[in-house]
file protein-v4.pdb (PDB, C-alpha atoms)
ATOM      1  CA  ILE B   4      -7.192 -20.614   1.976
ATOM      2  CA  LYS B   5      -9.656 -17.716   1.885
ATOM      3  CA  GLU B   6      -8.465 -14.113   2.105
ATOM      4  CA  ALA B   7      -9.597 -13.628   5.733
ATOM      5  CA  GLU B   8      -7.764 -16.749   6.916
ATOM      6  CA  LEU B   9      -4.646 -15.803   4.955
ATOM      7  CA  CYS B  10      -4.605 -12.389   6.624
ATOM      8  CA  GLN B  11      -5.266 -13.595  10.153
ATOM      9  CA  ARG B  12      -3.138 -16.741  10.321
ATOM     10  CA  TYR B  13      -0.178 -16.005   8.049
ATOM     11  CA  ILE B  14       0.176 -12.335   7.114
ATOM     12  CA  ASP B  15      -0.798 -10.525  10.318
ATOM     13  CA  PRO B  16       1.848 -12.176  12.567
ATOM     14  CA  ASN B  17       4.588 -10.991  10.194
ATOM     15  CA  LEU B  18       3.401  -7.485   9.347
ATOM     16  CA  SER B  19       2.221  -6.651  12.864
ATOM     17  CA  ALA B  20       5.641  -7.577  14.220
ATOM     18  CA  LEU B  21       7.251  -5.143  11.773
ATOM     19  CA  PHE B  22       4.904  -2.159  11.832
ATOM     20  CA  ASP B  23       2.721  -2.220  14.945
ATOM     21  CA  ASP B  24       4.385   0.108  17.487
ATOM     22  CA  PRO B  25       1.871   1.367  20.101
ATOM     23  CA  GLU B  26       4.649   2.867  22.234
ATOM     24  CA  HIS B  27       5.304   5.360  19.423
ATOM     25  CA  ASN B  28       1.599   5.783  18.549
ATOM     26  CA  ILE B  29       1.743   3.738  15.351
ATOM     27  CA  LEU B  30      -0.834   0.983  14.795
ATOM     28  CA  PHE B  31      -1.031  -1.753  12.192
ATOM     29  CA  ARG B  32      -4.709  -2.571  11.699
ATOM     30  CA  TRP B  33      -6.944  -4.518   9.355
ATOM     31  CA  THR B  34      -9.484  -1.955   8.286
ATOM     32  CA  SER B  35     -11.409  -2.507   5.032
ATOM     33  CA  THR B  36     -12.800   0.961   5.757
ATOM     34  CA  THR B  37     -12.429   4.296   4.020
ATOM     35  CA  ASN B  38      -8.893   5.633   4.464
ATOM     36  CA  GLN B  39      -8.292   8.535   6.844
ATOM     37  CA  GLU B  40      -7.124  10.949   4.140
ATOM     38  CA  PHE B  41     -10.496  10.615   2.393
ATOM     39  CA  LYS B  42     -12.336  11.335   5.649
ATOM     40  CA  ASP B  43     -10.187  14.368   6.388
ATOM     41  CA  SER B  44     -10.608  15.795   2.899
ATOM     42  CA  PHE B  45     -14.074  14.690   1.826
ATOM     43  CA  ALA B  46     -15.274  18.253   1.334
ATOM     44  CA  LYS B  47     -12.512  18.896  -1.208
ATOM     45  CA  GLY B  48     -13.665  16.001  -3.389
ATOM     46  CA  SER B  49     -10.104  15.259  -4.476
ATOM     47  CA  ILE B  50      -9.283  12.148  -2.467
ATOM     48  CA  THR B  51     -10.180   8.617  -3.458
ATOM     49  CA  SER B  52     -12.595   6.649  -1.287
ATOM     50  CA  GLN B  53     -10.988   3.294  -2.119
ATOM     51  CA  ARG B  54     -10.707   1.016   0.905
ATOM     52  CA  PRO B  55      -7.408  -0.722   1.743
ATOM     53  CA  ASP B  56      -7.336  -4.166   3.338
ATOM     54  CA  SER B  57      -4.980  -2.898   6.009
ATOM     55  CA  CYS B  58      -3.394   0.348   7.098
ATOM     56  CA  ILE B  59      -0.404   1.554   9.125
ATOM     57  CA  SER B  60      -1.805   4.529  11.028
ATOM     58  CA  GLU B  61      -0.381   7.224  13.232
ATOM     59  CA  LEU B  62      -2.403   7.765  16.409
ATOM     60  CA  ASN B  63      -2.985  11.343  17.583
ATOM     61  CA  GLY B  64      -4.550  11.028  21.012
ATOM     62  CA  LEU B  65      -7.940   9.362  20.517
ATOM     63  CA  TYR B  66      -7.971   9.827  16.741
ATOM     64  CA  PHE B  67      -6.140   8.317  13.795
ATOM     65  CA  GLY B  68      -3.787  10.702  12.035
ATOM     66  CA  SER B  69      -1.607  10.205   8.974
ATOM     67  CA  SER B  70      -1.617   6.900   7.105
ATOM     68  CA  LEU B  71       1.973   5.690   6.826
ATOM     69  CA  GLY B  72       1.308   2.588   4.734
ATOM     70  CA  TYR B  73      -1.337   0.427   3.082
ATOM     71  CA  VAL B  74      -1.791  -3.295   2.412
ATOM     72  CA  GLU B  75      -3.728  -5.080  -0.330
ATOM     73  CA  VAL B  76      -4.194  -8.873  -0.189
ATOM     74  CA  LYS B  77      -5.149 -11.534  -2.709
ATOM     75  CA  PRO B  78      -5.449 -15.240  -1.728
ATOM     76  CA  ALA B  79      -4.040 -18.208  -3.648
ATOM     77  CA  ALA B  80      -7.272 -18.631  -5.611
ATOM     78  CA  GLU B  81      -6.673 -15.237  -7.261
ATOM     79  CA  GLU B  82      -2.884 -15.175  -7.607
ATOM     80  CA  ASN B  83      -3.083 -15.915 -11.361
ATOM     81  CA  ASN B  84      -5.750 -13.282 -11.973
ATOM     82  CA  LYS B  85      -3.583 -10.561 -13.487
ATOM     83  CA  TYR B  86      -6.493  -8.133 -13.635
ATOM     84  CA  LEU B  87      -7.169  -8.193  -9.873
ATOM     85  CA  VAL B  88      -3.491  -8.284  -8.886
ATOM     86  CA  SER B  89      -2.674  -5.351 -11.168
ATOM     87  CA  LYS B  90      -5.682  -3.412  -9.927
ATOM     88  CA  ASP B  91      -4.480  -3.850  -6.344
ATOM     89  CA  LEU B  92      -1.093  -2.421  -7.315
ATOM     90  CA  VAL B  93      -2.719   0.611  -8.938
ATOM     91  CA  ARG B  94      -4.847   1.055  -5.817
ATOM     92  CA  LEU B  95      -1.725   0.989  -3.631
ATOM     93  CA  GLY B  96      -0.136   3.637  -5.804
ATOM     94  CA  THR B  97      -3.230   5.830  -5.508
ATOM     95  CA  LEU B  98      -3.620   5.421  -1.761
ATOM     96  CA  THR B  99       0.045   6.078  -0.984
ATOM     97  CA  LYS B 100       0.052   9.137  -3.253
ATOM     98  CA  ASN B 101      -2.955  10.549  -1.399
ATOM     99  CA  SER B 102      -1.255  10.081   1.949
ATOM    100  CA  ILE B 103       1.886  11.834   0.708
ATOM    101  CA  ASP B 104      -0.131  14.768  -0.659
ATOM    102  CA  ILE B 105      -2.399  15.303   2.342
ATOM    103  CA  SER B 106      -0.004  14.557   5.203
ATOM    104  CA  GLY B 107       3.173  16.039   3.716
ATOM    105  CA  LEU B 108       5.107  12.778   4.029
ATOM    106  CA  LYS B 109       8.462  12.199   2.392
ATOM    107  CA  SER B 110       7.323   8.680   1.415
ATOM    108  CA  CYS B 111       4.521   6.210   2.072
ATOM    109  CA  MET B 112       4.715   2.402   2.073
ATOM    110  CA  GLY B 113       2.577   0.091  -0.034
ATOM    111  CA  ILE B 114       2.488  -3.656   0.662
ATOM    112  CA  GLN B 115       1.042  -6.121  -1.828
ATOM    113  CA  VAL B 116       0.304  -9.656  -0.633
ATOM    114  CA  VAL B 117      -0.434 -12.374  -3.200
ATOM    115  CA  ASN B 118      -0.888 -15.766  -1.544
ATOM    116  CA  HIS B 119       2.168 -16.035   0.750
ATOM    117  CA  ILE B 120       4.350 -13.597  -1.221
ATOM    118  CA  ILE B 121       4.704 -10.112   0.307
ATOM    119  CA  THR B 122       6.130  -7.326  -1.854
ATOM    120  CA  PHE B 123       7.059  -3.982  -0.304
ATOM    121  CA  PHE B 124       6.983  -0.636  -2.130
ATOM    122  CA  MET B 125       7.808   2.952  -1.232
ATOM    123  CA  ASN B 126       6.039   5.801  -3.033
ATOM    124  CA  GLU B 127       7.734   9.209  -3.155
ATOM    125  CA  LEU B 128       7.124  12.512  -4.936
ATOM    126  CA  LYS B 129      10.500  12.836  -6.643
ATOM    127  CA  ALA B 130       9.941  15.699  -9.083
ATOM    128  CA  ASP B 131       7.285  18.026 -10.425
ATOM    129  CA  GLY B 132       4.159  15.843 -10.703
ATOM    130  CA  MET B 133       6.200  12.621 -10.739
ATOM    131  CA  TYR B 134       5.464   9.985  -8.087
ATOM    132  CA  PHE B 135       7.723   6.912  -8.044
ATOM    133  CA  LEU B 136       6.397   3.646  -6.585
ATOM    134  CA  THR B 137       9.589   1.636  -6.057
ATOM    135  CA  GLU B 138       9.815  -2.025  -5.082
ATOM    136  CA  ILE B 139      12.203  -2.390  -2.142
ATOM    137  CA  GLY B 140      11.889  -6.076  -1.281
ATOM    138  CA  THR B 141       9.960  -9.344  -1.470
ATOM    139  CA  VAL B 142       9.611 -12.113   1.113
ATOM    140  CA  LYS B 143       7.649 -15.359   1.346
ATOM    141  CA  THR B 144       5.842 -16.015   4.605
ATOM    142  CA  PRO B 145       5.880 -19.554   6.042
ATOM    143  CA  SER B 146       2.817 -21.625   5.159
ATOM    144  CA  CYS B 147       3.708 -24.511   7.498
ATOM    145  CA  ILE B 148       6.165 -25.450  10.248
ATOM    146  CA  GLU B 149       8.617 -26.871   7.698
ATOM    147  CA  ASP B 150       8.933 -23.425   6.100
ATOM    148  CA  LEU B 151      10.103 -21.702   9.280
ATOM    149  CA  GLY B 152      13.727 -22.672   8.692
ATOM    150  CA  THR B 153      13.841 -21.004   5.270
ATOM    151  CA  PHE B 154      12.151 -17.844   6.579
ATOM    152  CA  ILE B 155      15.311 -17.053   8.571
ATOM    153  CA  HIS B 156      17.047 -16.221   5.281
ATOM    154  CA  TYR B 157      14.723 -13.206   4.883
ATOM    155  CA  PHE B 158      15.719 -11.579   8.186
ATOM    156  CA  ASP B 159      18.401  -9.331   6.666
ATOM    157  CA  GLU B 160      16.040  -8.230   3.906
ATOM    158  CA  LEU B 161      13.250  -7.524   6.409
ATOM    159  CA  ALA B 162      15.646  -5.457   8.519
ATOM    160  CA  ALA B 163      16.615  -3.421   5.435
ATOM    161  CA  ILE B 164      12.944  -2.919   4.502
ATOM    162  CA  LEU B 165      12.105  -1.748   8.013
ATOM    163  CA  LYS B 166      15.076   0.636   8.045
ATOM    164  CA  CYS B 167      13.979   2.113   4.697
ATOM    165  CA  TYR B 168      10.432   2.568   5.995
ATOM    166  CA  GLU B 169      11.506   4.232   9.243
ATOM    167  CA  LYS B 170      13.878   6.566   7.402
ATOM    168  CA  ASN B 171      11.351   7.749   4.812
ATOM    169  CA  TYR B 172       7.863   7.990   6.350
ATOM    170  CA  VAL B 173       8.822  11.221   8.147
ATOM    171  CA  LEU B 174       6.957  14.508   7.760
ATOM    172  CA  LEU B 175       8.651  17.104   5.590
ATOM    173  CA  SER B 176      10.196  20.065   7.376
ATOM    174  CA  SER B 177       8.672  23.549   7.204
ATOM    175  CA  ASP B 178      11.321  24.768   4.741
ATOM    176  CA  GLN B 179      10.594  21.826   2.414
ATOM    177  CA  ILE B 180       6.810  21.931   2.461
ATOM    178  CA  GLY B 181       6.396  24.978   0.178
ATOM    179  CA  ALA B 182       8.294  23.431  -2.736
ATOM    180  CA  PHE B 183       6.559  20.118  -2.045
ATOM    181  CA  TYR B 184       3.083  21.644  -2.423
ATOM    182  CA  MET B 185       4.072  23.121  -5.781
ATOM    183  CA  LYS B 186       5.078  19.669  -7.082
ATOM    184  CA  ARG B 187       1.838  17.881  -6.133
ATOM    185  CA  ARG B 188      -0.807  16.877  -8.660
ATOM    186  CA  SER B 189      -4.460  15.991  -8.136
ATOM    187  CA  THR B 190      -5.464  12.324  -7.915
ATOM    188  CA  ILE B 191      -7.510  10.754 -10.664
ATOM    189  CA  PRO B 192     -11.193  10.766  -9.579
ATOM    190  CA  ASP B 193     -12.737   7.423  -8.660
ATOM    191  CA  GLU B 194     -15.106   7.608 -11.637
ATOM    192  CA  GLU B 195     -12.202   7.927 -14.083
ATOM    193  CA  PHE B 196     -10.247   5.186 -12.313
ATOM    194  CA  TYR B 197     -13.113   2.712 -12.716
ATOM    195  CA  ALA B 198     -13.645   3.829 -16.321
ATOM    196  CA  LEU B 199      -9.980   3.101 -17.120
ATOM    197  CA  SER B 200      -9.997  -0.322 -15.428
ATOM    198  CA  PRO B 201     -12.241  -2.820 -17.236
ATOM    199  CA  SER B 202     -14.977  -4.637 -15.372
ATOM    200  CA  LYS B 203     -14.486  -8.225 -14.248
ATOM    201  CA  SER B 204     -16.671  -9.402 -17.106
ATOM    202  CA  ASN B 205     -14.291  -7.765 -19.584
ATOM    203  CA  LYS B 206     -10.967  -8.751 -18.058
ATOM    204  CA  ARG B 207     -10.336 -11.550 -20.578
ATOM    205  CA  LYS B 208     -10.998  -9.413 -23.637
ATOM    206  CA  SER B 209      -8.010  -8.711 -25.852
ATOM    207  CA  VAL B 210      -6.440  -5.272 -25.805
ATOM    208  CA  SER B 211      -5.745  -3.549 -29.111
ATOM    209  CA  MET B 212      -2.240  -2.110 -29.200
ATOM    210  CA  PRO B 213      -1.207   0.668 -31.599
ATOM    211  CA  PRO B 214       0.993  -0.420 -34.525
ATOM    212  CA  PRO B 215       4.744   0.076 -34.081
ATOM    213  CA  PRO B 216       6.195   3.238 -35.605
ATOM    214  CA  ASN B 217       7.725   2.935 -39.051
TER     215      ASN B 217
END

call {"tool": "encode", "arguments": {"input": "protein-v4.pdb", "output": "structure tokens"}}
result
Amino acid sequence: IKEAELCQRYIDPNLSALFDDPEHNILFRWTSTTNQEFKDSFAKGSITSQRPDSCISELNGLYFGSSLGYVEVKPAAEENNKYLVSKDLVRLGTLTKNSIDISGLKSCMGIQVVNHIITFFMNELKADGMYFLTEIGTVKTPSCIEDLGTFIHYFDELAAILKCYEKNYVLLSSDQIGAFYMKRRSTIPDEEFYALSPSKSNKRKSVSMPPPPN
């Protein structure tokens, strides 16, 4: 199954049901476009231009507002590629951090999909310059009719994940925002991010680790 088919046939029905809420001006959409925080802050040069596969967006009238969550997807053909899977996780951490910093959110959700496994994370600025990306749950989406019976066992976990998301994506209050701004740190520039992550041609090269202390 290619990535596009995985998203459209298996992942979208589950994530849209959880996070798409037009009545409250929240949309779950497959984007593959530059995230809204980068567009809003392009002149500052401090926000990454990395493109998420999907985004949970707040709608302000005719325009998209804060990004409340991001999704990165890898199909079955790439599930054993640790380089690409790890890079997606780093990208989720970067994107959710940016949304927290720019929008003044308490937390932002990151969702990593690898084949039919969906892992949910919440990123939060906990202390001075310290952002914590915490795994809050993992579910396996059905890949065929026979799997529908086992998917019922995830309902309680999905309800807990949704409750955690709804409780924590809120905007910080006016009396909290001052201390919050003091704790923020700038995001690593895209150039440095790509310099730190090896190219695809180098992903199988060994990594030299420092010797253990005496």

call {"tool": "closest_residue", "arguments": {"input": "protein-v4.pdb", "among": "B:Val93, B:Ile14, B:Leu108, B:Ile155", "to": "Tyr172 of chain B", "atoms": "all atoms listed in the file"}}
result
B:Leu108

call {"tool": "residues_around", "arguments": {"input": "protein-v4.pdb", "residues": "Leu128 of chain B", "least_positions_apart": "4", "cutoff": "10 Å", "atoms": "all atoms listed in the file", "output": "PDB file with C-alpha atoms, keeping the file's coordinate frame"}}
result
ATOM      1  CA  LYS B 100       0.052   9.137  -3.253  1.00  0.00           C
ATOM      2  CA  ILE B 103       1.886  11.834   0.708  1.00  0.00           C
ATOM      3  CA  ASP B 104      -0.131  14.768  -0.659  1.00  0.00           C
ATOM      4  CA  LEU B 108       5.107  12.778   4.029  1.00  0.00           C
ATOM      5  CA  LYS B 109       8.462  12.199   2.392  1.00  0.00           C
ATOM      6  CA  SER B 110       7.323   8.680   1.415  1.00  0.00           C
ATOM      7  CA  CYS B 111       4.521   6.210   2.072  1.00  0.00           C
ATOM      8  CA  GLY B 132       4.159  15.843 -10.703  1.00  0.00           C
ATOM      9  CA  MET B 133       6.200  12.621 -10.739  1.00  0.00           C
ATOM     10  CA  TYR B 134       5.464   9.985  -8.087  1.00  0.00           C
ATOM     11  CA  PHE B 135       7.723   6.912  -8.044  1.00  0.00           C
ATOM     12  CA  LEU B 136       6.397   3.646  -6.585  1.00  0.00           C
ATOM     13  CA  PHE B 183       6.559  20.118  -2.045  1.00  0.00           C
ATOM     14  CA  LYS B 186       5.078  19.669  -7.082  1.00  0.00           C
ATOM     15  CA  ARG B 187       1.838  17.881  -6.133  1.00  0.00           C
ATOM     16  CA  ARG B 188      -0.807  16.877  -8.660  1.00  0.00           C
TER      17      ARG B 188
END

call {"tool": "closest_residue", "arguments": {"input": "protein-v4.pdb", "among": "B:Asn28, B:Arg54, B:Thr153, B:Ile180", "to": "Asp193 of chain B", "atoms": "all atoms listed in the file"}}
result
B:Arg54

call {"tool": "resolve_selection", "arguments": {"input": "protein-v4.pdb", "expression": "the PyMOL selection byres ((chain B and resi 163-165) around 12)", "output": "VMD selection string"}}
result
chain B and resid 18 20 to 23 112 to 114 121 to 125 137 to 142 157 to 162 166 to 172

call {"tool": "atom_distance", "arguments": {"input": "protein-v4.pdb", "atom1": "atom CA of Thr190 of chain B", "atom2": "atom CA of Leu95 of chain B"}}
result
12.7 Å

call {"tool": "closest_residue", "arguments": {"input": "protein-v4.pdb", "among": "B:Leu65, B:Ala79, B:Cys58, B:Cys147", "to": "Ser19 of chain B", "atoms": "all atoms listed in the file"}}
result
B:Cys58

call {"tool": "atom_distance", "arguments": {"input": "protein-v4.pdb", "atom1": "atom CA of Leu92 of chain B", "atom2": "atom CA of Glu75 of chain B"}}
result
7.9 Å

call {"tool": "residues_near_point", "arguments": {"input": "protein-v4.pdb", "point": "(0.1, 12.9, 25.5)", "cutoff": "12 Å", "atoms": "all atoms listed in the file", "output": "list in words"}}
result
Glu26, His27, Asn28, Leu62, Asn63, Gly64 and Leu65 of chain B

call {"tool": "closest_residue", "arguments": {"input": "protein-v4.pdb", "among": "B:Cys10, B:Ala130, B:Leu30, B:Val117", "to": "Met185 of chain B", "atoms": "only C-alpha atoms"}}
result
B:Ala130

call {"tool": "closest_residue", "arguments": {"input": "protein-v4.pdb", "among": "B:Ile29, B:Asn17, B:Thr144, B:Ile191", "to": "Leu98 of chain B", "atoms": "all atoms listed in the file"}}
result
B:Ile191

call {"tool": "atom_distance", "arguments": {"input": "protein-v4.pdb", "atom1": "atom CA of Tyr13 of chain B", "atom2": "atom CA of Thr99 of chain B"}}
result
23.9 Å
